[in-house]
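One file, input_34.cif, is given below (mmCIF, N, CA and C atoms).
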data_data
loop_
_atom_site.label_atom_id
_atom_site.label_comp_id
_atom_site.auth_asym_id
_atom_site.auth_seq_id
_atom_site.Cartn_x
_atom_site.Cartn_y
_atom_site.Cartn_z
N GLN V 30 0.86 -1.19 0.00
CA GLN V 30 0.00 0.00 0.00
C GLN V 30 0.89 1.24 0.00
N VAL V 31 0.65 2.14 -0.94
CA VAL V 31 1.41 3.38 -1.04
C VAL V 31 0.53 4.52 -0.56
N GLN V 32 1.11 5.37 0.25
CA GLN V 32 0.38 6.54 0.74
C GLN V 32 1.16 7.80 0.42
N LEU V 33 0.45 8.83 0.00
CA LEU V 33 1.02 10.15 -0.17
C LEU V 33 0.32 11.07 0.82
N VAL V 34 1.09 11.65 1.70
CA VAL V 34 0.53 12.52 2.73
C VAL V 34 0.97 13.95 2.44
N GLU V 35 -0.02 14.81 2.17
CA GLU V 35 0.24 16.20 1.84
C GLU V 35 -0.04 17.08 3.06
N SER V 36 0.67 18.18 3.13
CA SER V 36 0.41 19.16 4.20
C SER V 36 0.84 20.53 3.72
N GLY V 37 0.37 21.55 4.44
CA GLY V 37 0.83 22.90 4.17
C GLY V 37 -0.18 23.82 3.53
N GLY V 38 -1.33 23.30 3.14
CA GLY V 38 -2.33 24.18 2.56
C GLY V 38 -2.95 25.09 3.60
N GLY V 39 -3.75 26.03 3.14
CA GLY V 39 -4.42 26.93 4.06
C GLY V 39 -4.87 28.19 3.38
N LEU V 40 -5.21 29.17 4.21
CA LEU V 40 -5.70 30.47 3.73
C LEU V 40 -4.59 31.50 3.88
N VAL V 41 -4.36 32.25 2.82
CA VAL V 41 -3.33 33.27 2.84
C VAL V 41 -3.80 34.46 2.03
N GLN V 42 -3.33 35.65 2.37
CA GLN V 42 -3.66 36.84 1.61
C GLN V 42 -2.81 36.91 0.35
N ALA V 43 -3.33 37.59 -0.64
CA ALA V 43 -2.57 37.80 -1.87
C ALA V 43 -1.22 38.43 -1.55
N GLY V 44 -0.19 37.91 -2.22
CA GLY V 44 1.16 38.36 -1.95
C GLY V 44 1.89 37.53 -0.91
N GLY V 45 1.17 36.69 -0.23
CA GLY V 45 1.76 35.86 0.81
C GLY V 45 2.40 34.61 0.26
N SER V 46 2.86 33.76 1.20
CA SER V 46 3.57 32.53 0.84
C SER V 46 3.01 31.34 1.60
N LEU V 47 3.15 30.19 0.98
CA LEU V 47 2.84 28.92 1.62
C LEU V 47 3.85 27.89 1.12
N ARG V 48 4.07 26.87 1.94
CA ARG V 48 4.94 25.77 1.54
C ARG V 48 4.18 24.45 1.68
N LEU V 49 4.03 23.77 0.59
CA LEU V 49 3.39 22.46 0.60
C LEU V 49 4.45 21.37 0.68
N SER V 50 4.09 20.28 1.34
CA SER V 50 4.98 19.13 1.36
C SER V 50 4.17 17.87 1.13
N CYS V 51 4.82 16.86 0.60
CA CYS V 51 4.17 15.59 0.31
C CYS V 51 5.20 14.49 0.51
N THR V 52 4.86 13.53 1.35
CA THR V 52 5.75 12.40 1.62
C THR V 52 5.11 11.10 1.16
N ALA V 53 5.88 10.35 0.40
CA ALA V 53 5.42 9.04 -0.07
C ALA V 53 5.94 7.96 0.86
N SER V 54 5.06 7.05 1.23
CA SER V 54 5.46 5.94 2.10
C SER V 54 4.79 4.66 1.64
N GLY V 55 5.30 3.56 2.15
CA GLY V 55 4.73 2.26 1.80
C GLY V 55 5.58 1.53 0.80
N ARG V 56 5.00 0.53 0.18
CA ARG V 56 5.72 -0.33 -0.76
C ARG V 56 5.76 0.35 -2.12
N ILE V 57 6.69 1.28 -2.26
CA ILE V 57 6.80 2.03 -3.49
C ILE V 57 8.13 1.70 -4.15
N SER V 58 8.06 1.41 -5.43
CA SER V 58 9.30 1.10 -6.15
C SER V 58 10.04 2.40 -6.46
N SER V 59 11.11 2.30 -7.13
CA SER V 59 11.98 3.46 -7.36
C SER V 59 11.22 4.62 -7.99
N ILE V 60 11.29 5.76 -7.35
CA ILE V 60 10.59 6.95 -7.83
C ILE V 60 11.35 7.57 -9.00
N TYR V 61 10.61 7.93 -10.03
CA TYR V 61 11.21 8.64 -11.17
C TYR V 61 11.01 10.15 -11.04
N ASP V 62 9.78 10.55 -10.74
CA ASP V 62 9.54 11.98 -10.57
C ASP V 62 8.42 12.22 -9.56
N MET V 63 8.37 13.44 -9.09
CA MET V 63 7.33 13.88 -8.16
C MET V 63 6.83 15.23 -8.64
N GLY V 64 5.59 15.54 -8.33
CA GLY V 64 5.08 16.81 -8.81
C GLY V 64 3.82 17.24 -8.11
N TRP V 65 3.40 18.43 -8.46
CA TRP V 65 2.18 19.04 -7.92
C TRP V 65 1.27 19.44 -9.07
N PHE V 66 0.01 19.10 -8.92
CA PHE V 66 -1.04 19.51 -9.83
C PHE V 66 -2.05 20.30 -9.00
N ARG V 67 -2.90 21.05 -9.67
CA ARG V 67 -3.96 21.75 -8.96
C ARG V 67 -5.24 21.74 -9.78
N GLN V 68 -6.34 21.86 -9.05
CA GLN V 68 -7.64 21.89 -9.69
C GLN V 68 -8.50 22.92 -9.00
N ALA V 69 -8.86 23.95 -9.75
CA ALA V 69 -9.77 24.98 -9.26
C ALA V 69 -11.20 24.56 -9.56
N PRO V 70 -12.17 25.12 -8.85
CA PRO V 70 -13.57 24.77 -9.09
C PRO V 70 -13.96 24.97 -10.55
N GLY V 71 -14.54 23.95 -11.14
CA GLY V 71 -14.99 24.05 -12.52
C GLY V 71 -13.89 23.96 -13.55
N GLN V 72 -12.67 23.71 -13.11
CA GLN V 72 -11.53 23.66 -14.02
C GLN V 72 -10.95 22.25 -14.05
N GLN V 73 -10.16 21.98 -15.10
CA GLN V 73 -9.46 20.71 -15.18
C GLN V 73 -8.22 20.75 -14.31
N ARG V 74 -7.81 19.57 -13.89
CA ARG V 74 -6.57 19.48 -13.13
C ARG V 74 -5.40 19.83 -14.06
N GLU V 75 -4.48 20.63 -13.54
CA GLU V 75 -3.36 21.08 -14.36
C GLU V 75 -2.04 20.92 -13.61
N LEU V 76 -0.99 20.73 -14.38
CA LEU V 76 0.35 20.63 -13.80
C LEU V 76 0.77 21.98 -13.26
N VAL V 77 1.32 21.99 -12.06
CA VAL V 77 1.91 23.19 -11.49
C VAL V 77 3.43 23.11 -11.64
N ALA V 78 4.00 22.03 -11.15
CA ALA V 78 5.45 21.84 -11.24
C ALA V 78 5.79 20.38 -11.03
N SER V 79 6.89 19.96 -11.63
CA SER V 79 7.35 18.59 -11.43
C SER V 79 8.87 18.59 -11.35
N ILE V 80 9.40 17.52 -10.78
CA ILE V 80 10.84 17.39 -10.64
C ILE V 80 11.21 15.92 -10.69
N THR V 81 12.27 15.61 -11.44
CA THR V 81 12.76 14.24 -11.45
C THR V 81 13.72 14.05 -10.29
N MET V 82 14.06 12.82 -10.02
CA MET V 82 14.93 12.55 -8.90
C MET V 82 16.37 12.99 -9.15
N VAL V 83 16.67 13.37 -10.39
CA VAL V 83 18.00 13.93 -10.67
C VAL V 83 17.94 15.45 -10.75
N GLY V 84 16.76 16.02 -10.47
CA GLY V 84 16.67 17.46 -10.32
C GLY V 84 16.15 18.25 -11.50
N THR V 85 15.72 17.58 -12.55
CA THR V 85 15.16 18.30 -13.69
C THR V 85 13.76 18.79 -13.35
N THR V 86 13.53 20.09 -13.52
CA THR V 86 12.26 20.68 -13.13
C THR V 86 11.46 21.16 -14.34
N ASN V 87 10.16 21.26 -14.10
CA ASN V 87 9.25 21.77 -15.12
C ASN V 87 8.16 22.55 -14.39
N TYR V 88 7.87 23.76 -14.89
CA TYR V 88 6.88 24.62 -14.25
C TYR V 88 5.82 25.08 -15.25
N ALA V 89 4.62 25.25 -14.76
CA ALA V 89 3.61 25.92 -15.56
C ALA V 89 4.02 27.38 -15.73
N ASP V 90 3.71 27.95 -16.88
CA ASP V 90 4.10 29.34 -17.13
C ASP V 90 3.52 30.28 -16.08
N SER V 91 2.34 29.96 -15.58
CA SER V 91 1.66 30.84 -14.65
C SER V 91 2.34 30.94 -13.28
N VAL V 92 3.23 30.01 -12.99
CA VAL V 92 3.88 30.02 -11.66
C VAL V 92 5.38 30.24 -11.74
N LYS V 93 5.93 30.32 -12.94
CA LYS V 93 7.37 30.51 -13.08
C LYS V 93 7.80 31.79 -12.39
N GLY V 94 8.89 31.70 -11.64
CA GLY V 94 9.39 32.86 -10.92
C GLY V 94 8.74 33.07 -9.57
N ARG V 95 7.65 32.36 -9.29
CA ARG V 95 6.97 32.52 -7.99
C ARG V 95 7.01 31.24 -7.16
N PHE V 96 6.95 30.10 -7.83
CA PHE V 96 6.93 28.80 -7.13
C PHE V 96 8.25 28.07 -7.36
N THR V 97 8.66 27.31 -6.35
CA THR V 97 9.87 26.51 -6.47
C THR V 97 9.59 25.10 -5.95
N ILE V 98 9.91 24.11 -6.77
CA ILE V 98 9.73 22.72 -6.36
C ILE V 98 11.08 22.13 -5.99
N SER V 99 11.08 21.30 -4.96
CA SER V 99 12.32 20.66 -4.52
C SER V 99 11.98 19.32 -3.88
N THR V 100 13.01 18.51 -3.67
CA THR V 100 12.79 17.20 -3.06
C THR V 100 13.83 16.91 -1.99
N ASP V 101 13.46 16.02 -1.10
CA ASP V 101 14.39 15.36 -0.20
C ASP V 101 14.30 13.89 -0.57
N ASN V 102 15.21 13.45 -1.42
CA ASN V 102 15.11 12.09 -1.96
C ASN V 102 15.17 11.03 -0.88
N ALA V 103 15.97 11.27 0.13
CA ALA V 103 16.11 10.28 1.19
C ALA V 103 14.80 10.07 1.95
N LYS V 104 13.95 11.10 1.95
CA LYS V 104 12.68 11.03 2.68
C LYS V 104 11.49 10.84 1.75
N ASN V 105 11.76 10.65 0.44
CA ASN V 105 10.67 10.53 -0.55
C ASN V 105 9.67 11.68 -0.38
N THR V 106 10.20 12.87 -0.22
CA THR V 106 9.36 14.04 0.03
C THR V 106 9.59 15.10 -1.04
N VAL V 107 8.49 15.71 -1.46
CA VAL V 107 8.56 16.81 -2.41
C VAL V 107 7.93 18.04 -1.77
N TYR V 108 8.52 19.19 -2.04
CA TYR V 108 8.05 20.46 -1.49
C TYR V 108 7.66 21.39 -2.63
N LEU V 109 6.73 22.28 -2.33
CA LEU V 109 6.39 23.35 -3.26
C LEU V 109 6.35 24.65 -2.47
N GLN V 110 7.35 25.47 -2.68
CA GLN V 110 7.38 26.80 -2.06
C GLN V 110 6.64 27.76 -2.97
N MET V 111 5.60 28.35 -2.45
CA MET V 111 4.76 29.24 -3.25
C MET V 111 4.85 30.66 -2.69
N ASN V 112 5.39 31.56 -3.47
CA ASN V 112 5.54 32.96 -3.07
C ASN V 112 4.69 33.84 -3.97
N SER V 113 4.46 35.06 -3.52
CA SER V 113 3.69 36.03 -4.31
C SER V 113 2.38 35.42 -4.80
N LEU V 114 1.68 34.81 -3.88
CA LEU V 114 0.45 34.11 -4.25
C LEU V 114 -0.62 35.08 -4.73
N LYS V 115 -1.41 34.60 -5.68
CA LYS V 115 -2.48 35.39 -6.29
C LYS V 115 -3.82 34.68 -6.06
N PRO V 116 -4.91 35.42 -6.08
CA PRO V 116 -6.22 34.76 -5.93
C PRO V 116 -6.43 33.64 -6.94
N GLU V 117 -5.88 33.78 -8.13
CA GLU V 117 -6.05 32.73 -9.15
C GLU V 117 -5.25 31.48 -8.86
N ASP V 118 -4.43 31.50 -7.83
CA ASP V 118 -3.74 30.28 -7.39
C ASP V 118 -4.63 29.42 -6.49
N THR V 119 -5.79 29.94 -6.13
CA THR V 119 -6.70 29.19 -5.28
C THR V 119 -7.14 27.91 -5.97
N ALA V 120 -6.92 26.79 -5.29
CA ALA V 120 -7.25 25.47 -5.87
C ALA V 120 -6.95 24.39 -4.83
N VAL V 121 -7.37 23.19 -5.16
CA VAL V 121 -6.90 22.03 -4.42
C VAL V 121 -5.62 21.56 -5.09
N TYR V 122 -4.58 21.41 -4.31
CA TYR V 122 -3.28 21.01 -4.83
C TYR V 122 -3.06 19.54 -4.53
N TYR V 123 -2.69 18.79 -5.57
CA TYR V 123 -2.50 17.35 -5.47
C TYR V 123 -1.04 16.99 -5.72
N CYS V 124 -0.54 16.13 -4.89
CA CYS V 124 0.79 15.56 -5.08
C CYS V 124 0.69 14.35 -6.00
N ARG V 125 1.66 14.19 -6.87
CA ARG V 125 1.71 13.04 -7.78
C ARG V 125 3.11 12.46 -7.76
N VAL V 126 3.19 11.15 -7.71
CA VAL V 126 4.47 10.45 -7.76
C VAL V 126 4.44 9.45 -8.90
N GLY V 127 5.47 9.47 -9.71
CA GLY V 127 5.62 8.51 -10.79
C GLY V 127 6.83 7.62 -10.54
N THR V 128 6.69 6.33 -10.79
CA THR V 128 7.79 5.40 -10.54
C THR V 128 8.43 4.96 -11.85
N ARG V 129 9.60 4.36 -11.74
CA ARG V 129 10.35 3.92 -12.92
C ARG V 129 9.63 2.82 -13.68
N ASP V 130 8.77 2.07 -12.99
CA ASP V 130 8.03 1.00 -13.69
C ASP V 130 6.68 1.48 -14.20
N GLY V 131 6.47 2.80 -14.20
CA GLY V 131 5.30 3.37 -14.84
C GLY V 131 4.08 3.57 -13.98
N ARG V 132 4.19 3.31 -12.69
CA ARG V 132 3.03 3.51 -11.82
C ARG V 132 2.93 4.97 -11.41
N VAL V 133 1.69 5.39 -11.16
CA VAL V 133 1.41 6.76 -10.76
C VAL V 133 0.56 6.73 -9.50
N TYR V 134 0.92 7.54 -8.55
CA TYR V 134 0.17 7.64 -7.30
C TYR V 134 -0.21 9.09 -7.06
N TRP V 135 -1.39 9.28 -6.49
CA TRP V 135 -1.91 10.62 -6.21
C TRP V 135 -2.22 10.77 -4.72
N GLY V 136 -1.98 11.97 -4.23
CA GLY V 136 -2.42 12.31 -2.89
C GLY V 136 -3.89 12.72 -2.91
N LYS V 137 -4.43 12.95 -1.73
CA LYS V 137 -5.85 13.30 -1.61
C LYS V 137 -6.10 14.78 -1.83
N GLY V 138 -5.05 15.57 -1.81
CA GLY V 138 -5.20 16.99 -2.08
C GLY V 138 -5.20 17.84 -0.83
N THR V 139 -4.72 19.05 -0.99
CA THR V 139 -4.73 20.03 0.10
C THR V 139 -5.20 21.36 -0.48
N LEU V 140 -6.10 22.02 0.23
CA LEU V 140 -6.72 23.24 -0.29
C LEU V 140 -5.86 24.46 0.00
N VAL V 141 -5.64 25.23 -1.04
CA VAL V 141 -4.96 26.52 -0.92
C VAL V 141 -5.96 27.60 -1.34
N THR V 142 -6.19 28.54 -0.43
CA THR V 142 -7.10 29.64 -0.71
C THR V 142 -6.35 30.96 -0.56
N VAL V 143 -6.38 31.76 -1.61
CA VAL V 143 -5.69 33.05 -1.60
C VAL V 143 -6.74 34.14 -1.67
N SER V 144 -6.81 34.95 -0.64
CA SER V 144 -7.80 36.02 -0.60
C SER V 144 -7.22 37.30 -1.18
N SER V 145 -8.09 38.09 -1.78
CA SER V 145 -7.64 39.35 -2.40
C SER V 145 -7.69 40.50 -1.42
#
Render the structure in this file as structure tokens.
Amino acid sequence: QVQLVESGGGLVQAGGSLRLSCTASGRISSIYDMGWFRQAPGQQRELVASITMVGTTNYADSVKGRFTISTDNAKNTVYLQMNSLKPEDTAVYYCRVGTRDGRVYWGKGTLVTVSS
């Protein structure tokens, strides 16, 4: 059983910061990449940022320069530092883990609300 435990969501004013974390535990094979997606009400789930275990990153254009993704490989943990938050960043943020054998795991999501 693989579990992804997310934390760090909450309510913040526009211009503020939050840090999300997600730790993978259980019988998980070698991780290839980890990432964050988000889904706003009435919208499709979209990629926010991803990172491979060798450090290659990918960001959505809307968050470049404001968000930073990082990992602690030894702890199977991925972080998302979110700065200069905007009301349009309001969404449920989901952690995703991909393994070398092609499996994908999702967290249950953590709500981020940015007030104007």
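For the set V:Tyr61, V:Gln32, V:Leu109, V:Asn102, the residue with the smallest atom-to-atom gap to Gly131 in chain V is V:Tyr61, counting only N, CA and C atoms.
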Identify the residues within 8 Å of coordinate (-3.1, 30.8, -6.1) (same frame as the file), considering all atoms listed in the file, and give the answer as a PDB file with N, CA and C atoms, keeping the file's coordinate frame.
ATOM      1  N   SER V 113       4.460  35.060  -3.520  1.00  0.00           N
ATOM      2  CA  SER V 113       3.690  36.030  -4.310  1.00  0.00           C
ATOM      3  C   SER V 113       2.380  35.420  -4.800  1.00  0.00           C
ATOM      4  N   LEU V 114       1.680  34.810  -3.880  1.00  0.00           N
ATOM      5  CA  LEU V 114       0.450  34.110  -4.250  1.00  0.00           C
ATOM      6  C   LEU V 114      -0.620  35.080  -4.730  1.00  0.00           C
ATOM      7  N   LYS V 115      -1.410  34.600  -5.680  1.00  0.00           N
ATOM      8  CA  LYS V 115      -2.480  35.390  -6.290  1.00  0.00           C
ATOM      9  C   LYS V 115      -3.820  34.680  -6.060  1.00  0.00           C
ATOM     10  N   PRO V 116      -4.910  35.420  -6.080  1.00  0.00           N
ATOM     11  CA  PRO V 116      -6.220  34.760  -5.930  1.00  0.00           C
ATOM     12  C   PRO V 116      -6.430  33.640  -6.940  1.00  0.00           C
ATOM     13  N   GLU V 117      -5.880  33.780  -8.130  1.00  0.00           N
ATOM     14  CA  GLU V 117      -6.050  32.730  -9.150  1.00  0.00           C
ATOM     15  C   GLU V 117      -5.250  31.480  -8.860  1.00  0.00           C
ATOM     16  N   ASP V 118      -4.430  31.500  -7.830  1.00  0.00           N
ATOM     17  CA  ASP V 118      -3.740  30.280  -7.390  1.00  0.00           C
ATOM     18  C   ASP V 118      -4.630  29.420  -6.490  1.00  0.00           C
ATOM     19  N   THR V 119      -5.790  29.940  -6.130  1.00  0.00           N
ATOM     20  CA  THR V 119      -6.700  29.190  -5.280  1.00  0.00           C
ATOM     21  C   THR V 119      -7.140  27.910  -5.970  1.00  0.00           C
ATOM     22  N   ALA V 120      -6.920  26.790  -5.290  1.00  0.00           N
ATOM     23  CA  ALA V 120      -7.250  25.470  -5.870  1.00  0.00           C
ATOM     24  C   ALA V 120      -6.950  24.390  -4.830  1.00  0.00           C
ATOM     25  N   VAL V 141      -5.640  25.230  -1.040  1.00  0.00           N
ATOM     26  CA  VAL V 141      -4.960  26.520  -0.920  1.00  0.00           C
ATOM     27  C   VAL V 141      -5.960  27.600  -1.340  1.00  0.00           C
ATOM     28  N   THR V 142      -6.190  28.540  -0.430  1.00  0.00           N
ATOM     29  CA  THR V 142      -7.100  29.640  -0.710  1.00  0.00           C
ATOM     30  C   THR V 142      -6.350  30.960  -0.560  1.00  0.00           C
ATOM     31  N   VAL V 143      -6.380  31.760  -1.610  1.00  0.00           N
ATOM     32  CA  VAL V 143      -5.690  33.050  -1.600  1.00  0.00           C
ATOM     33  C   VAL V 143      -6.740  34.140  -1.670  1.00  0.00           C
ATOM     34  N   SER V 144      -6.810  34.950  -0.640  1.00  0.00           N
ATOM     35  CA  SER V 144      -7.800  36.020  -0.600  1.00  0.00           C
ATOM     36  C   SER V 144      -7.220  37.300  -1.180  1.00  0.00           C
TER      37      SER V 144
END
Matched chain/residue IDs from the PyMOL selection byres ((chain V and resi 57) around 8), as number ranges by chain:
V: 30-32, 53-56, 58-60, 128
Near-Gly138 in chain V list (6.5 Å; only N, CA and C atoms; drop same-chain fewer than 6 positions) as a PyMOL selection string:
chain V and resi 35+121-124
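Candidate residues V:Ser36, V:Gln42, V:Thr81, V:Thr139 were compared for distance to Asp62 in chain V, and the nearest is V:Thr81, using only N, CA and C atoms.
Between CA of Arg67 in chain V and CA of Thr85 in chain V the separation is 20.0 Å.
Interatomic distance, CA of Leu40 in chain V to CA of Leu140 in chain V: 8.3 Å.
Atom pair atom C of Ser46 in chain V / atom N of Val133 in chain V has a distance of 28.9 Å (rounded to one decimal).
Across V:Gly94, V:Ala89, V:Arg132, V:Lys104, the tightest approach to Cys51 in chain V is made by V:Lys104 when counting only C-alpha atoms.
Checking V:Ala69, V:Val77, V:Val126, V:Met111 one by one against Gly45 in chain V, counting only N, CA and C atoms, you find the shortest gap at V:Met111.
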Give the strand (DSSP E or B) residues of chain V, as assigned by DSSP on the backbone, as a ChimeraX atom specification.
/V:31-36,39-42,47-55,60-68,75-81,86-88,96-101,106-111,120-128,133-135,139-144
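Residues in contact with Leu47 in chain V at 7 Å, where only C-alpha atoms are counted and same-chain residues fewer than 3 positions away are skipped, are listed as Gly37, Gln110, Met111 and Asn112 of chain V.
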Selected residues written out, N, CA and C atoms, as a PDB file, keeping the file's coordinate frame:
ATOM      1  N   GLY V  37       0.370  21.550   4.440  1.00  0.00           N
ATOM      2  CA  GLY V  37       0.830  22.900   4.170  1.00  0.00           C
ATOM      3  C   GLY V  37      -0.180  23.820   3.530  1.00  0.00           C
ATOM      4  N   GLN V 110       7.350  25.470  -2.680  1.00  0.00           N
ATOM      5  CA  GLN V 110       7.380  26.800  -2.060  1.00  0.00           C
ATOM      6  C   GLN V 110       6.640  27.760  -2.970  1.00  0.00           C
ATOM      7  N   MET V 111       5.600  28.350  -2.450  1.00  0.00           N
ATOM      8  CA  MET V 111       4.760  29.240  -3.250  1.00  0.00           C
ATOM      9  C   MET V 111       4.850  30.660  -2.690  1.00  0.00           C
ATOM     10  N   ASN V 112       5.390  31.560  -3.470  1.00  0.00           N
ATOM     11  CA  ASN V 112       5.540  32.960  -3.070  1.00  0.00           C
ATOM     12  C   ASN V 112       4.690  33.840  -3.970  1.00  0.00           C
TER      13      ASN V 112
END
Residues in the PyMOL selection byres ((chain V and resi 98) around 6), expressed as a PyMOL selection string
chain V and resi 96-97+99-100+108-110
For the PyMOL selection byres ((chain V and resi 64) around 5), applied here, can you spell out every residue it catches as a count of residues only?
9
